[in-house]
Amino acid sequence: MPNEPQIKVLSEQRRERFFWVLVVVFLVTLPTLIFYTTGYRLSFEDEQTTIVSTGGMYINTEDLDVEVYLDEELIERPRLFRSAYYIQNLSAGQHRVVVQRPDLQTWVKDLPVYSHIVTEASAFNLPERPHVRPITPYLTAAGTPVLFGVASGTEPFGIATSTEPVFVATTTATSSFTQNEEFVFVSSLFSITSTSTRSVFERLVDGLDRFRFATTTDATSTATSTQQPVARGNTGLFIRNGELFAEWIGNQQNIPYYYCVSTDTATSTAARYGDHVAEAFSRIREATSTEIIIDGNRRCRPEIKLDRLRQDVFYYAFFPNTQDLVVLHLEDGVYVTEIDDRAWQNTQLLYPGTDLTVVVENDLIFVRDGERYYELITEIEPSP
Amino acid sequence: MNESPKDQDHLLPYARRSDFKVARATELTGSDRRFYRFLEIVPGVTAWLSLIGVILASIYIPQYAAYFIIAFAIYWVLKTIFLSYHVRYNWKRLRHHMKLDWQRLVGRFEYRHLHHLVVLPYYKEPREVLEGALKGLREANYDPKQIIVVLAAEERAGEEAAALGHEMEARFGADFGHFLVTVHPSDIAGEIAGKGSNVHWALNQVHDSVIAPNAIPHRDILTSIFDIDTVIYQDYFNCLIWHFMTAENPYKSAFQPVPLFTNNLWDASALARVMAMSSTFWQMIMQERPDKAATFSSHSVSYQALYEIGYGQANVVSEDSRIYWNLLIANEGKFVVVPMSYPIAMDAVTAAGLWGTIKNIYRQHRRWTYGVENWCYIVYHFAKNPDIPRRRKWTIALLQGEGYWSLVTNPIMLFILGWAPIYLGSREFHETVLSYELPIMVRNLLIIAMGGLVVSSIISLSLTPPRPKHRSRFRYVVMAVQWIMVPMTMIVFSAIPGLDAQTRLMFGHYMGFWVTPKSRESQTS
């Protein structure tokens with residue numbers, strides 16, 4: 001047993017030495033981490049160690065179980081509960097992003113990356129095969145929709161699919177079925193002679209011009225549609241010169257990134273965002289009624305033309321629960337297009353057909369295909 | 001507060017000043033009052049400006065705010081490493097000291113002439129708490145006849161409290177050399193109700209009733225001022241004697257044990273345990289940084305030193321640390337804390353129900369962090385006392401100030417405002433790599449810092465007393481995992497009560513003393 005305590009108080013010299021070591025660690029670590037956090041990275045290419053500037057990309061994928069490729073390399077999935085991919089360590093320049101899943105349509109974009117800047121984009125992926133919910137005039141006692149006139153051995157929904165159970169009637173008798181009130185309401189949305197409520201009537205009156213506008217007869221016409229523009233939040237849709245535009249009508253400070261470019265010259269704008277974007281800026285510069293918003297280090301146009309695939313537009317509305325996607329009823333089907341036209345606008349087929357009528361009501365998309373009425377399901381099922 | 005000149009003959013020269021025991025600006029007049037009031041405002045203003053400054057920087061210069069937050073997170077990691085090193089070192093020393101045979105170690109000294117004066121102020125604590133403290137004294141490895149016990153009751157606690165004191169006297173009085181029950185009168189002018197004024201009264205009483213009549217030399221008395229829930233370990237007095245005998249200047253030293261809040265650890269909630277252990281860890285750190293320490297809670301000091309300054313103050317909330325600053329300033333800066341690195345057991349905060357525990361812990365920590373009033377006292381007297389070396393003044397003032405500032409601001413800045421640039425920054429900032437990388441970087445740094453919690457968990461388990469039979473083994477698991485609450489407890493029970501206390505001081509809403517409720521379900525020591 002010792003005669004004295006063997007462990008003394010921590011000496012002041014030892015404490016001071018440790019303190020100054022940590023001070024040195026701090027002074028070395030701080031600039032290193034600041035450089036790293038702002039996007040500087042060490043490069044070991046060509047047997048040389050250099051410091052390079054990098055940027056990043058932020059791709060929102062709406063929680064889907066998709067694969068994201070950057071320049072053909074698969075990107076690691078984000079952590080649980082995250083729906084966006086933050087991709088760092090990207091060299092400045094053009095990069096191609098592909099978002100895909102086997103049963104969904106692919107979203108692709110070429111985007112510019114700038115040093116110390118993160119380029120943002122939102123992907124969307126509609127099903128390869130449309131997903132519908134039938135709205136039938138009659139229901140069984142259990143509430144199951146009743147389909148008439150389905151030949152045996154054929155798909156009841158054609159190329160579409162549905163998870164809704166249906167009852168395929170073998171006769172035309174309806175006495176054992178109940179009338180579907182939802183059908184009454186939905187069919188009234190499509191009827192121009194509907195005696196529905198005032199709000200529906202107003203919608204039809206307001207939306208009459210939306211059901212068709214000429215696009216090929218008068219290329220020189222400068223008439224702007226006189227109907228009430230469609231708006232959601234701070235984004236509006238309107239027709240001008242036979243084209244459909246999305247317009248930012250909110251505070252200029254909050255204008256979405258895809259209205260803006262980060263370069264000054266038309267040449268670099270075309271190279272990084274596409275000729276159509278450069279031309280759009282040129283047109284706006286020449287026009288006196290529309291101004292370009294100069295916002296810090298970028299220029300923004302207040303409107304973007306939507307790609308209608310050279311077809312007539314019978315109907316347009318915002319895709320449910322978003323301001324960035326637009327539903328277009330074109331000649332050969334119902335499409336969804338993104339407003340973001342950097343590189344190009346991704347346009348995906350929601351429901352094919354030539355004898356269709358489409359209405360968007362309360363963030364639900366209804367389509368009349370011949371005699372059938374459907375709700376087009378916009379939520380994507382988990383990966384099979 | 002003022003004593004007659006004759007009464008002051010025994011006081012050190014500086015301790016005779018009329019403002020020596022100032023507690024608040026309202027006790028002063030003229031420019032002194034204005035200066036003291038200014039000092040009372042500084043801590044709160046500094047804290048609020050820091051927090052608001054981070055918010056404003058996040059809005060207007062988010063890039064620089066982000067740089068500051070990264071720097072702060074790195075500083076926090078390194079500070080955690082620095083302090084963790086101290087905790088681990090003291091843990092080693094503590095365990096070593098607990099194994100030593102202190103009775104044998106003091107054998108080489110002449111110490112039988114020394115008396116231990118133990119002052120136990122109490123309010124309305126239950127019988128079990130008083131019994132625990134007195135039993136601990138009786139069962140110590142020390143001749144109890146050399147111990148003078150003072151049970152200091154409060155008149156405002158009612159007759160039951162005084163009666164309980166006399167009951168204890170009847171049961172334990174014969175075991176000790178002297179046993180005195182004092183009753184501190186309520187509403188003495190110039191005092192605030194609380195432990196400080198009670199102790200002040202008790203020391204005066206024991207002097208008149210025991211020390212003077214028995215002609216016990218003041219230099220032969222070691223005074224231990226213990227919270228009533230203090231249960232000493234068996235070799236406490238021997239350990240104290242050893243440190244007293246080996247101190248460079250024992251009459252200019254305060255002796256600080258390590259408080260382990262383990263009397264009722266098994267009965268306390270996880271929240272109370274985390275807070276209690278966190279306090280223990282901080283005291284363990286201070287044991288290895290004695291030049292930066294002050295006295296805390298239960299501690300010991302020579303009676304002579306106390307007598308020379310008039311026994312400390314009866315008008316402050318944080319009387320346990322104030323006594324040290326009184327001693328330091330009155331002795332021209334030549335007063336030190338001697339870390340004993342030996343434990344005493346105390347109670348963790350308990351209450352009926354979780355909400356009661358939360359309230360009590362909050363109030364206790366608000367009282368503790370109201371110790372910022374000491375900074376005002378220190379700086380005021382540093383400005384008045386030319387005999388304290390300037391370097392020592394600046395070192396103490398800055399260190400103490402930084403301590404109170406960081407206690408209040410660091411957890412909030414780190415765990416909440418670290419994300420301010422991301423939420424408040426401009427659109428331009430949001431497009432930068434910096435804004436995306438900032439939360440990742442801060443998160444990763446905090447994870448590194450929180451790695452210290454594993455060490456905390458291990459150390460706390462090693463300091464936990466044996467499991468009582470009525471507690472399941474699963475509680476060990478809870479005790480290990482409870483440390484994940486630390487980020488929350490740092491904000492809710494350190495930073496916010498600290499900010500509360502500093503803000504009250506800033507606005508001149510002076511706090512009174514709040515008595516921490518003590519209770520025992522089972523005997524654990």
# chains A, B, ... in the order shown; residues from 1 in each chain; ligands from 1
$ closest_atom_pairs --of "chain A" --to "chain B" --cutoff "7 Å" --atoms "only C-alpha atoms" --output "Markdown table"
| residue | atom | partner | partner_atom | distance |
| --- | --- | --- | --- | --- |
| A:Asn3 | CA | B:Leu105 | CA | 5.9 |
| A:Glu4 | CA | B:Leu105 | CA | 6.7 |
| A:Pro5 | CA | B:His97 | CA | 6.9 |
| A:Ile7 | CA | B:Arg93 | CA | 5.8 |
| A:Val9 | CA | B:Glu288 | CA | 5.7 |
| A:Leu10 | CA | B:Glu288 | CA | 5.4 |
| A:Leu22 | CA | B:Leu78 | CA | 6.5 |
| A:Phe26 | CA | B:Ile74 | CA | 6.8 |
| A:Leu30 | CA | B:Ala71 | CA | 6.0 |
| A:Ile34 | CA | B:Tyr67 | CA | 6.6 |
| A:Thr37 | CA | B:Leu434 | CA | 5.3 |
| A:Thr38 | CA | B:Leu434 | CA | 4.5 |
| A:Gly39 | CA | B:Val433 | CA | 5.9 |
| A:Gly55 | CA | B:Val433 | CA | 6.3 |
| A:Gly56 | CA | B:Val433 | CA | 6.5 |
| A:His116 | CA | B:Val433 | CA | 5.1 |
| A:Ile117 | CA | B:Thr432 | CA | 4.3 |
| A:Val118 | CA | B:Glu431 | CA | 5.4 |
$ residues_around --residues "Thr119 of chain A" --least-positions-apart "3" --cutoff "7 Å" --atoms "only C-alpha atoms" --output "list in words"
Gly56, Met57, Tyr58 and Val113 of chain A
$ residues_around --residues "Thr230 of chain B" --least-positions-apart "6" --cutoff "6 Å" --atoms "only C-alpha atoms" --output "list in words"
Ala133, Ala345 and Met346 of chain B
$ write_last_selection --atoms "C-alpha atoms" --output "mmCIF file, in the first residue's frame"
data_model
loop_
_atom_site.group_PDB
_atom_site.id
_atom_site.type_symbol
_atom_site.label_atom_id
_atom_site.label_comp_id
_atom_site.auth_asym_id
_atom_site.auth_seq_id
_atom_site.Cartn_x
_atom_site.Cartn_y
_atom_site.Cartn_z
ATOM 1 C CA ALA B 133 -26.169 12.702 6.979
ATOM 2 C CA ALA B 345 -22.728 11.271 -1.731
ATOM 3 C CA MET B 346 -25.676 13.544 -2.253
#
$ residues_around --residues "Val478 of chain B" --least-positions-apart "3" --cutoff "12 Å" --atoms "only C-alpha atoms" --output "VMD selection string"
chain B and resid 266 269 to 271 273 to 274 457 460 to 461 471 to 475 481 to 485
$ residues_around --residues "segment 17-30 of chain B" --least-positions-apart "6" --cutoff "7 Å" --atoms "only C-alpha atoms" --output "list of chain:residue names"
B:Asn2, B:Tyr36, B:Arg37, B:Gln313, B:Asn315, B:Val316
$ residues_around --residues "Glu243 of chain A" --least-positions-apart "2" --cutoff "9 Å" --atoms "only C-alpha atoms" --output "list in words"
Thr215, Phe238, Ile239, Arg240, Asn241, Phe245, Lys305, Leu306, Asp307 and Arg308 of chain A
$ write_last_selection --atoms "all heavy atoms" --output "PDB file, in the first residue's frame"
ATOM      1  N   THR A 215     -54.027  25.984 -83.176  1.00  0.00           N
ATOM      2  CA  THR A 215     -52.588  26.161 -83.098  1.00  0.00           C
ATOM      3  C   THR A 215     -51.937  26.260 -84.470  1.00  0.00           C
ATOM      4  O   THR A 215     -50.783  26.634 -84.589  1.00  0.00           O
ATOM      5  CB  THR A 215     -51.943  24.970 -82.377  1.00  0.00           C
ATOM      6  OG1 THR A 215     -52.306  23.781 -83.085  1.00  0.00           O
ATOM      7  CG2 THR A 215     -52.441  24.895 -80.949  1.00  0.00           C
ATOM      8  N   PHE A 238     -51.245  30.215 -69.308  1.00  0.00           N
ATOM      9  CA  PHE A 238     -52.031  31.051 -70.214  1.00  0.00           C
ATOM     10  C   PHE A 238     -51.615  30.768 -71.647  1.00  0.00           C
ATOM     11  O   PHE A 238     -50.541  30.212 -71.912  1.00  0.00           O
ATOM     12  CB  PHE A 238     -51.867  32.537 -69.887  1.00  0.00           C
ATOM     13  CG  PHE A 238     -50.509  33.102 -70.214  1.00  0.00           C
ATOM     14  CD1 PHE A 238     -50.268  33.739 -71.424  1.00  0.00           C
ATOM     15  CD2 PHE A 238     -49.455  32.963 -69.318  1.00  0.00           C
ATOM     16  CE1 PHE A 238     -49.019  34.239 -71.738  1.00  0.00           C
ATOM     17  CE2 PHE A 238     -48.209  33.457 -69.620  1.00  0.00           C
ATOM     18  CZ  PHE A 238     -47.979  34.103 -70.827  1.00  0.00           C
ATOM     19  N   ILE A 239     -52.482  31.179 -72.568  1.00  0.00           N
ATOM     20  CA  ILE A 239     -52.244  30.946 -73.990  1.00  0.00           C
ATOM     21  C   ILE A 239     -51.888  32.283 -74.638  1.00  0.00           C
ATOM     22  O   ILE A 239     -52.498  33.311 -74.371  1.00  0.00           O
ATOM     23  CB  ILE A 239     -53.516  30.381 -74.660  1.00  0.00           C
ATOM     24  CG1 ILE A 239     -53.896  29.057 -73.991  1.00  0.00           C
ATOM     25  CG2 ILE A 239     -53.311  30.199 -76.165  1.00  0.00           C
ATOM     26  CD1 ILE A 239     -55.317  28.644 -74.271  1.00  0.00           C
ATOM     27  N   ARG A 240     -50.878  32.220 -75.463  1.00  0.00           N
ATOM     28  CA  ARG A 240     -50.518  33.405 -76.229  1.00  0.00           C
ATOM     29  C   ARG A 240     -49.962  32.937 -77.560  1.00  0.00           C
ATOM     30  O   ARG A 240     -49.097  32.037 -77.601  1.00  0.00           O
ATOM     31  CB  ARG A 240     -49.495  34.264 -75.495  1.00  0.00           C
ATOM     32  CG  ARG A 240     -49.267  35.621 -76.179  1.00  0.00           C
ATOM     33  CD  ARG A 240     -48.245  36.464 -75.463  1.00  0.00           C
ATOM     34  NE  ARG A 240     -46.922  35.868 -75.557  1.00  0.00           N
ATOM     35  CZ  ARG A 240     -46.071  35.817 -74.534  1.00  0.00           C
ATOM     36  NH1 ARG A 240     -46.412  36.306 -73.361  1.00  0.00           N
ATOM     37  NH2 ARG A 240     -44.888  35.271 -74.682  1.00  0.00           N
ATOM     38  N   ASN A 241     -50.423  33.591 -78.642  1.00  0.00           N
ATOM     39  CA  ASN A 241     -49.937  33.257 -79.987  1.00  0.00           C
ATOM     40  C   ASN A 241     -50.050  31.771 -80.278  1.00  0.00           C
ATOM     41  O   ASN A 241     -49.185  31.193 -80.942  1.00  0.00           O
ATOM     42  CB  ASN A 241     -48.467  33.684 -80.148  1.00  0.00           C
ATOM     43  CG  ASN A 241     -48.282  35.166 -79.989  1.00  0.00           C
ATOM     44  OD1 ASN A 241     -49.248  35.931 -80.012  1.00  0.00           O
ATOM     45  ND2 ASN A 241     -47.037  35.587 -79.814  1.00  0.00           N
ATOM     46  N   PHE A 245     -48.205  28.785 -72.128  1.00  0.00           N
ATOM     47  CA  PHE A 245     -47.075  29.231 -71.314  1.00  0.00           C
ATOM     48  C   PHE A 245     -47.378  29.014 -69.834  1.00  0.00           C
ATOM     49  O   PHE A 245     -48.533  29.089 -69.397  1.00  0.00           O
ATOM     50  CB  PHE A 245     -46.805  30.721 -71.526  1.00  0.00           C
ATOM     51  CG  PHE A 245     -46.234  31.063 -72.866  1.00  0.00           C
ATOM     52  CD1 PHE A 245     -47.058  31.214 -73.970  1.00  0.00           C
ATOM     53  CD2 PHE A 245     -44.871  31.224 -73.026  1.00  0.00           C
ATOM     54  CE1 PHE A 245     -46.530  31.522 -75.207  1.00  0.00           C
ATOM     55  CE2 PHE A 245     -44.338  31.545 -74.256  1.00  0.00           C
ATOM     56  CZ  PHE A 245     -45.167  31.693 -75.358  1.00  0.00           C
ATOM     57  N   LYS A 305     -42.435  28.495 -72.215  1.00  0.00           N
ATOM     58  CA  LYS A 305     -43.364  27.866 -73.144  1.00  0.00           C
ATOM     59  C   LYS A 305     -43.391  26.370 -72.879  1.00  0.00           C
ATOM     60  O   LYS A 305     -42.357  25.752 -72.665  1.00  0.00           O
ATOM     61  CB  LYS A 305     -42.918  28.133 -74.578  1.00  0.00           C
ATOM     62  CG  LYS A 305     -43.947  27.712 -75.621  1.00  0.00           C
ATOM     63  CD  LYS A 305     -43.550  28.151 -77.009  1.00  0.00           C
ATOM     64  CE  LYS A 305     -42.490  27.268 -77.584  1.00  0.00           C
ATOM     65  NZ  LYS A 305     -42.234  27.537 -79.012  1.00  0.00           N
ATOM     66  N   LEU A 306     -44.606  25.802 -72.940  1.00  0.00           N
ATOM     67  CA  LEU A 306     -44.739  24.363 -72.701  1.00  0.00           C
ATOM     68  C   LEU A 306     -44.736  23.609 -74.037  1.00  0.00           C
ATOM     69  O   LEU A 306     -45.334  24.057 -75.024  1.00  0.00           O
ATOM     70  CB  LEU A 306     -46.038  24.077 -71.938  1.00  0.00           C
ATOM     71  CG  LEU A 306     -46.140  24.744 -70.567  1.00  0.00           C
ATOM     72  CD1 LEU A 306     -47.433  24.343 -69.872  1.00  0.00           C
ATOM     73  CD2 LEU A 306     -44.956  24.392 -69.692  1.00  0.00           C
ATOM     74  N   ASP A 307     -44.075  22.500 -74.036  1.00  0.00           N
ATOM     75  CA  ASP A 307     -43.952  21.678 -75.242  1.00  0.00           C
ATOM     76  C   ASP A 307     -45.240  20.886 -75.455  1.00  0.00           C
ATOM     77  O   ASP A 307     -45.619  20.049 -74.632  1.00  0.00           O
ATOM     78  CB  ASP A 307     -42.777  20.718 -75.083  1.00  0.00           C
ATOM     79  CG  ASP A 307     -42.531  19.899 -76.341  1.00  0.00           C
ATOM     80  OD1 ASP A 307     -43.204  20.164 -77.364  1.00  0.00           O
ATOM     81  OD2 ASP A 307     -41.668  19.002 -76.295  1.00  0.00           O
ATOM     82  N   ARG A 308     -45.931  21.177 -76.560  1.00  0.00           N
ATOM     83  CA  ARG A 308     -47.186  20.476 -76.842  1.00  0.00           C
ATOM     84  C   ARG A 308     -47.018  19.424 -77.927  1.00  0.00           C
ATOM     85  O   ARG A 308     -47.996  18.969 -78.523  1.00  0.00           O
ATOM     86  CB  ARG A 308     -48.266  21.475 -77.216  1.00  0.00           C
ATOM     87  CG  ARG A 308     -47.872  22.409 -78.331  1.00  0.00           C
ATOM     88  CD  ARG A 308     -48.986  23.403 -78.628  1.00  0.00           C
ATOM     89  NE  ARG A 308     -48.549  24.387 -79.610  1.00  0.00           N
ATOM     90  CZ  ARG A 308     -48.534  24.173 -80.913  1.00  0.00           C
ATOM     91  NH1 ARG A 308     -48.920  22.983 -81.403  1.00  0.00           N
ATOM     92  NH2 ARG A 308     -48.137  25.118 -81.759  1.00  0.00           N
TER      93      ARG A 308
END
$ closest_residue --among "B:Leu114, B:Ala254, B:Leu130, B:Ala153" --to "Arg219 of chain B" --atoms "only C-alpha atoms"
B:Leu114
$ select_by_dssp --residues "segment 33-236 of chain B" --states "strand (DSSP E)" --output "count of residues only"
29
$ atom_distance --atom1 "atom CA of Gly44 of chain B" --atom2 "atom CA of Ala65 of chain B"
21.6 Å
$ closest_residue --among "A:Met1, A:Leu376, A:Ser268, A:Pro382" --to "Ser162 of chain A" --atoms "only C-alpha atoms"
A:Leu376
$ closest_residue --among "A:Tyr36, A:Tyr335, A:Trp107, A:Phe281" --to "Glu67 of chain A" --atoms "only C-alpha atoms"
A:Trp107
$ residues_around --residues "segment 178-191 of chain A" --least-positions-apart "5" --cutoff "10 Å" --atoms "only C-alpha atoms" --output "VMD selection string"
chain A and resid 134 to 146 196 to 197 200 to 201 203 to 204 357 to 361 366 to 368 372 to 375
$ select_by_dssp --residues "segment 14-260 of chain A" --states "helix (DSSP H, G or I)" --output "VMD selection string"
chain A and resid 14 to 38 45 to 47 181 to 190 198 to 211 252 to 254 257 to 259
$ atom_distance --atom1 "atom CA of Arg283 of chain A" --atom2 "atom CA of Asp312 of chain A"
23.2 Å
$ atom_distance --atom1 "atom CA of Leu260 of chain B" --atom2 "atom CA of Val372 of chain B"
23.3 Å
$ closest_residue --among "B:Ile228, B:Val301, B:Leu240, B:Leu499" --to "Pro517 of chain B" --atoms "only C-alpha atoms"
B:Ile228
$ closest_residue --among "B:Val455, B:Ile396, B:Ala480, B:Leu446" --to "Phe382 of chain B" --atoms "only C-alpha atoms"
B:Ile396
